[in-house]
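Asks: Structure below; questions to follow.
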Amino acid sequence: MYLMKDITRDGDPVLRQEAADVQFPLSAEDRKLADDMMEYLVISQDETENEKYKLRPGVGLAAPQVGESKRMAAILVPGEFEDDEPLFKGVISNPVIISHSVQDGALDMGEGCLSVDEDVAGFVPRHDRITVRYQNLDGETVKLRLKDYPAIVFQHEMDHLHGVLYYDHINQAEPWAESEDVKYIK
Ligand SMILES: O=CN(O)C[C@@H](CC1CCCC1)C(=O)N1NCCC[C@H]1C(=O)Nc1ccccn1
Ligand code: NI
């Protein structure tokens, strides 16, 4: 299982590379990578476990963050309340945004990243709504419409597959500048 020491940090060139397509059917190695990334998210979101292993809780983990320059990311977006089903739980490969809203969305608290130790303050403008197409672990093509928080998470992870980090999107001059057509998401 992955520990924080296994998470590549900003400065490692792998985080700035364009990752390679995942080939299907999945190799045993890529299947293990997918399982291990999802395992990290599950354990990190469990209070007892994350304390025990000193893990930062995460809702997403992209392969470049564990040193693998492949177009694969695990995503586990919890439901609103403790016992709810997750809003999304899955490992996506070769994702592409095939359409998106004109309206932008940004988390009202800004973002962070397990690969960036110091949080960089400011709004991270993204698309508020997206239609994403990706391959699931069986190699099937899935098309998914997302909005608000889950859409932000997907875009944060997909950025990693293109060597983009969240702070690349922040307005350095005025990090918290509000604009008209941006929806600020809780
Ligand atoms: O690429 C992937 N990453 O870098 C992990 C990031 C991904 C999210 C950042 C903003 C949108 C996606 C991540 O999850 N975080 N960022 C750093 C510390 C906090 C943590 C987080 O938001 N945790 C969380 C939130 C709700 C419930 C449980 N845990
Ligand atoms: Ni990240």
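Chain labels run A, B, ... following the order of the structure tokens; each chain numbers its residues from 1, and ligands are numbered from 1 in the order shown.
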Please, which residues have at least one atom within 10 Å of an atom of ligand 2, using only C-alpha atoms and all ligand atoms, listed as an NGL selection string?
Replies: :A and (9-10 or 15 or 58-62 or 64-65 or 111-116 or 153 or 155-160 or 164-166)
Asks: From a DSSP calculation on the backbone, collect every residue of range 19-147 of chain A in alpha helix (DSSP H) and output the set as a count of residues only.
Replies: 24
Asks: Would you kindly return, as a VMD selection string, each protein, DNA or RNA residue with an atom no farther than 12 Å from any atom of Lys143 in chain A, considering only C-alpha atoms and excluding same-chain residues fewer than 2 positions away?
Replies: chain A and resid 92 95 to 99 130 to 136 140 to 141 145 to 146
Asks: In range 6-179 of chain A, what's strand (DSSP E or B) per DSSP? Answer as number ranges by chain?
Replies: A: 20, 60-62, 70, 72-77, 88-100, 104-107, 113, 116, 126-127, 129-135, 141-147
Asks: Pick out the closest residue to Gln23 in chain A from this set: A:Leu161, A:Val182, A:Ala121, A:Leu137. Count only C-alpha atoms.
Replies: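 Ranking A:Leu161, A:Val182, A:Ala121, A:Leu137 by distance to Gln23 in chain A, first place goes to A:Leu137.
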